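Take a look at the structure set out below.
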Amino acid sequence: MSQQYALTAKRANLIQGRIKHSTTRRSREVIILLYLEKSREVIIPLYLEKYNQTLKGYYIRARAVDHCVQDFLLKTQSHPRTQILSLGAGFDSLYFRLKDMGLLHHTVVYEVDFPNVACQKATLIKRIKELSALVGDIGGEGLGVITFSGEDYKLLGLDLSELSELERALEEAGMDNEIPTLFIAEVVLTYMENSRSDALIQWAAEHFSQACFLLYEQMHPEDPFGCVMQQHFSQLNSALHSLAQYPDCEAQQRRFFEKGWTECSVMDMNEFFTRCTPEDEQQRVQALEPFDEYEEWHLKCSHYFVLTASKGMESPWTPLLSNMTVPHCDGPVRMAGSITAVECATHSEISGLRRYGHHSVLIKPNVILTTGGFGEEDGQHCRMRNFHVLIKHAGYWKAGCVKKENPDTRWDERLYHTVSCLSSSLALVVGGRTSPSSAGLGMLWLKFPETSNASDPGDITVELVSLQPPAEPAALRWRHSTTEVIFKGEKYLFLYGGRSAMEPVLGDWYFLHTQELSCTVIPVEGPVPESRHSHSACSWKGGVLIAGGLGAVEQPLGSVFFLRELEHGFQWQTVETHPPLIPRYSHTAHVHDGKLLLVGGVWFHSSSVPGITVIDLMTGLCLDYAINVEHLEWPLMLHNHSSVFLPNEKELLLIGGGGNCFSFGTHLNPEPVSLSLSNILTSH
């Protein structure tokens, strides 16, 4: 082991211990940012598996700040003096990173936070020799509000909302309002009353002749994920004041223009990662560790933004508009109408339907089996061990656990698998995983008695039969699809896409003979779809419709393909839609009367959330419908869910859904939801 690696591993152990004993998200952030940044490439693989979602969120935040700060230093390098003022800096390590990189030749960094925070940070700097050596202590601390003073670093302790005191203290510390100045506020202003944060933004524009502003905060409080985010901060007694008045990027941009700034750009963090992060860096981050929480990562990124503003600069400061890797096409989504969601009373006290990453399938008329996933069972969150059924009887749904005929046979608690019902008494489970770092799981038969009572959940039993068929290696994947197709009168299961422990995205396919469970070679021609996982797949006209998914660079896809049966094999055909289908993944899909129904999912249009999309497969017409949730008392998460369509009633049943966001906690849809699609299916 090299000396550098040994030091890094030692620091990793220290950090793990400190994080373990930290009680707040802010303290974890302090430790991570202060100690990890220089050795990120070694420590993150060591530690990220447990805290991957959180650290990936901190990474994109630090990446955005570093990108903008370094652009400011580059654009002002011809000036003899510049300065940076970090508002509410906390224990951020920005100064030490910049100093260590040799980027502060003529720049002084000022940091301001509450007096107790500033004093703690000053003590920490003095105690850690690497940090004190970087900054150098020239004395002067303890004079007024200055808690630490170096040649190019000043740490001040005071309340940001007291502008007159802030102005006086900065002048005393040597700040010059005539030289280029960058203000940084990372999740700070939102904790202040709007009148005070607005005054601070306006004060910065009025009192500094050459000023730039960098803001990082939350947005979109009203959609389902935004509600969960707000609940989290409310439980911490940390209300986000700015969200009501400035709920989105457009409102924040108007805010800065009205307060005296002449240039302003803003984007959410999905957009920043896609547009402003070099492709090789994106690939490096994506390959760091086993990661499978795509939905929560993208949803969190769609609820945070980075904003840059400037005034009086020799040339406009626009770090978010330069070096963009792809064009941006986001805009408002036009909805053709809305569909009302109604909570489905299940006449049961069990919590087994609160889950995500599961699979639901109609095994008999009005009988829905749900297996696997992660959710709530016996009062705790865990990978689900029991099977559950929903049975519709006399117009009501009943829920219950499924009895196992062989209780000693253990369900392996898989997520992101598929279940294909081959008859009224037989279903095949294919693939799935336990953890992202483990190999995919194989196949399993589920057998049901032919004579079971279809009105009482307690009478439904299932027998688990382990398999090791010839096609077993093909099934070692998850987030894939398994769809029934017909070739020359025989049934096959078309296994497509997904991901595995070795490959982050797959684009291969197999035809599984339903009786022998062996792979059959059937010729396929036509344009091969892009590799994907978390897509949807539906049987149609003996073939299969593939829609959406997450592609090789973790970008949602908007393509639709039809695998059509020919005399000698199958052919891929592109289904053209107009307007183009908005790229999405983690949705479900159904086909009814020549129409493809896409349900929920995750997309990058942060101004709205996916509802129901109807694609006419004859004309290609693509219409989006919002889901009206006013009758629900909880935020409806439409990702990682399952859905079952009852064609006679034109009823869509949504089961489970949600996720485990490390930053904001676990949210699971508590009850199934019913949607009547009669109006939109008869109006086309």
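Note on naming: chains are A, B, ... as they come in the structure tokens, residues start from 1 per chain, ligands start from 1 in the order shown.
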Residue contacts of Ser539 (chain A) (7 Å, only C-alpha atoms) excluding same-chain residues fewer than 4 positions away, as an mmCIF file with N, CA, C and O atoms, in the first residue's frame:
data_model
loop_
_atom_site.group_PDB
_atom_site.id
_atom_site.type_symbol
_atom_site.label_atom_id
_atom_site.label_comp_id
_atom_site.auth_asym_id
_atom_site.auth_seq_id
_atom_site.Cartn_x
_atom_site.Cartn_y
_atom_site.Cartn_z
ATOM 1 N N THR A 483 -41.356 -9.975 -21.875
ATOM 2 C CA THR A 483 -42.639 -9.763 -22.534
ATOM 3 C C THR A 483 -42.977 -10.955 -23.421
ATOM 4 O O THR A 483 -42.107 -11.488 -24.113
ATOM 5 N N GLU A 484 -44.237 -11.342 -23.417
ATOM 6 C CA GLU A 484 -44.670 -12.472 -24.244
ATOM 7 C C GLU A 484 -44.767 -12.067 -25.713
ATOM 8 O O GLU A 484 -45.384 -11.054 -26.047
ATOM 9 N N VAL A 485 -44.148 -12.856 -26.584
ATOM 10 C CA VAL A 485 -44.257 -12.683 -28.033
ATOM 11 C C VAL A 485 -44.641 -14.024 -28.645
ATOM 12 O O VAL A 485 -44.517 -15.082 -28.015
ATOM 13 N N GLY A 543 -45.892 -9.090 -31.132
ATOM 14 C CA GLY A 543 -44.550 -8.554 -30.915
ATOM 15 C C GLY A 543 -44.474 -7.812 -29.600
ATOM 16 O O GLY A 543 -45.224 -8.101 -28.653
ATOM 17 N N VAL A 544 -43.575 -6.821 -29.518
ATOM 18 C CA VAL A 544 -43.394 -6.094 -28.269
ATOM 19 C C VAL A 544 -43.093 -4.630 -28.556
ATOM 20 O O VAL A 544 -42.389 -4.302 -29.517
ATOM 21 N N LEU A 545 -43.660 -3.748 -27.732
ATOM 22 C CA LEU A 545 -43.406 -2.313 -27.801
ATOM 23 C C LEU A 545 -42.467 -1.927 -26.661
ATOM 24 O O LEU A 545 -42.755 -2.185 -25.493
#
Could you pull out the strand (DSSP E or B) residues of region 230-449 of chain A from DSSP and send them as a VMD selection string? chain A and resid 263 to 268 304 to 311 337 to 343 355 to 356 359 to 364 367 to 371 374 to 377 380 to 383 388 to 393 396 to 401 403 to 404 415 418 to 423 426 to 430 433 443 to 447
For region 304-312 of chain A, find every residue with an atom within 8 Å (counting only C-alpha atoms), except residues of its own chain fewer than 5 positions away, and show them as a ChimeraX atom specification. /A:64,68,205,209-219,249,253,256,260-269,272,317-320
Run DSSP on the backbone and tell me which residues of region 185-302 of chain A come out as helix (DSSP H, G or I); list them as an MDAnalysis selection string. chainID A and resid 189:191 194:207 224:235 242:245 249:258 269:276 279:286 294:301
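Closest approach to Thr190 (chain A) among A:Leu550, A:Leu104, A:Ala239, A:Ala169: A:Ala239, based on only C-alpha atoms.
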Can you write out as JSON lines which residues of region 474-534 of chain A fall within 8 Å of region 427-433 of chain A, alongside each residue's closest atom pair and its distance in Å to one decimal, counting only C-alpha atoms and ordering rows by chain and ascending residue number?
{"residue": "A:Ala475", "atom": "CA", "partner": "A:Gly431", "partner_atom": "CA", "distance": 5.0}
{"residue": "A:Leu476", "atom": "CA", "partner": "A:Gly431", "partner_atom": "CA", "distance": 5.4}
{"residue": "A:Arg477", "atom": "CA", "partner": "A:Gly431", "partner_atom": "CA", "distance": 5.3}
{"residue": "A:Trp478", "atom": "CA", "partner": "A:Gly432", "partner_atom": "CA", "distance": 4.4}
{"residue": "A:Arg479", "atom": "CA", "partner": "A:Gly432", "partner_atom": "CA", "distance": 7.2}
{"residue": "A:Thr482", "atom": "CA", "partner": "A:Val430", "partner_atom": "CA", "distance": 7.6}
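Each of A:Leu134, A:Ile146, A:Thr82, A:His513 was checked against Val112 (chain A) using only C-alpha atoms; the smallest atom-to-atom distance is that of A:Ile146.
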Top pick for closest residue to Gly226 (chain A), considering A:His381, A:Arg196, A:His667, A:His67 and counting only C-alpha atoms: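 Of the candidates, the smallest distance to Gly226 (chain A) is held by A:His667.
Each of A:Pro672, A:Pro449, A:Gly600, A:Gly90 was checked against Ile368 (chain A) using only C-alpha atoms; the smallest atom-to-atom distance is that of A:Pro672.
Taking only C-alpha atoms, the non-local environment of Phe487 (chain A) within 9 Å (same-chain residues fewer than 5 positions away omitted) comprises Tyr492, Ile522, Gly542, Gly543, Glu565, Leu566, Glu567, His568, Gly569 and Phe570 of chain A.
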Selected residues written out with N, CA and C atoms, as a PDB file, in the first residue's frame:
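selection_10.pdb, written as the output of this step:
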ATOM      1  N   TYR A 492     -43.110 -17.233 -26.699  1.00  0.00           N
ATOM      2  CA  TYR A 492     -41.768 -17.017 -26.163  1.00  0.00           C
ATOM      3  C   TYR A 492     -41.823 -15.819 -25.212  1.00  0.00           C
ATOM      4  N   ILE A 522     -33.683 -16.601 -32.834  1.00  0.00           N
ATOM      5  CA  ILE A 522     -34.648 -16.150 -33.837  1.00  0.00           C
ATOM      6  C   ILE A 522     -34.066 -14.911 -34.499  1.00  0.00           C
ATOM      7  N   GLY A 542     -48.535  -9.764 -31.324  1.00  0.00           N
ATOM      8  CA  GLY A 542     -47.559 -10.840 -31.367  1.00  0.00           C
ATOM      9  C   GLY A 542     -46.124 -10.399 -31.161  1.00  0.00           C
ATOM     10  N   GLY A 543     -45.892  -9.090 -31.132  1.00  0.00           N
ATOM     11  CA  GLY A 543     -44.550  -8.554 -30.915  1.00  0.00           C
ATOM     12  C   GLY A 543     -44.474  -7.812 -29.600  1.00  0.00           C
ATOM     13  N   GLU A 565     -43.347  -9.175 -35.749  1.00  0.00           N
ATOM     14  CA  GLU A 565     -43.133 -10.533 -36.248  1.00  0.00           C
ATOM     15  C   GLU A 565     -43.149 -10.555 -37.768  1.00  0.00           C
ATOM     16  N   LEU A 566     -42.157 -11.223 -38.347  1.00  0.00           N
ATOM     17  CA  LEU A 566     -42.097 -11.493 -39.781  1.00  0.00           C
ATOM     18  C   LEU A 566     -42.200 -13.000 -40.004  1.00  0.00           C
ATOM     19  N   GLU A 567     -42.229 -13.398 -41.252  1.00  0.00           N
ATOM     20  CA  GLU A 567     -42.327 -14.830 -41.558  1.00  0.00           C
ATOM     21  C   GLU A 567     -41.087 -15.581 -41.098  1.00  0.00           C
ATOM     22  N   HIS A 568     -39.921 -14.952 -41.204  1.00  0.00           N
ATOM     23  CA  HIS A 568     -38.663 -15.626 -40.889  1.00  0.00           C
ATOM     24  C   HIS A 568     -38.045 -15.169 -39.566  1.00  0.00           C
ATOM     25  N   GLY A 569     -38.699 -14.268 -38.852  1.00  0.00           N
ATOM     26  CA  GLY A 569     -38.124 -13.768 -37.602  1.00  0.00           C
ATOM     27  C   GLY A 569     -38.854 -12.523 -37.132  1.00  0.00           C
ATOM     28  N   PHE A 570     -38.091 -11.554 -36.640  1.00  0.00           N
ATOM     29  CA  PHE A 570     -38.665 -10.297 -36.154  1.00  0.00           C
ATOM     30  C   PHE A 570     -37.906  -9.125 -36.765  1.00  0.00           C
TER      31      PHE A 570
END
If you count only C-alpha atoms, the residue of A:Val528, A:Leu243, A:Val673, A:Ala122 closest to Phe91 (chain A) turns out to be A:Ala122
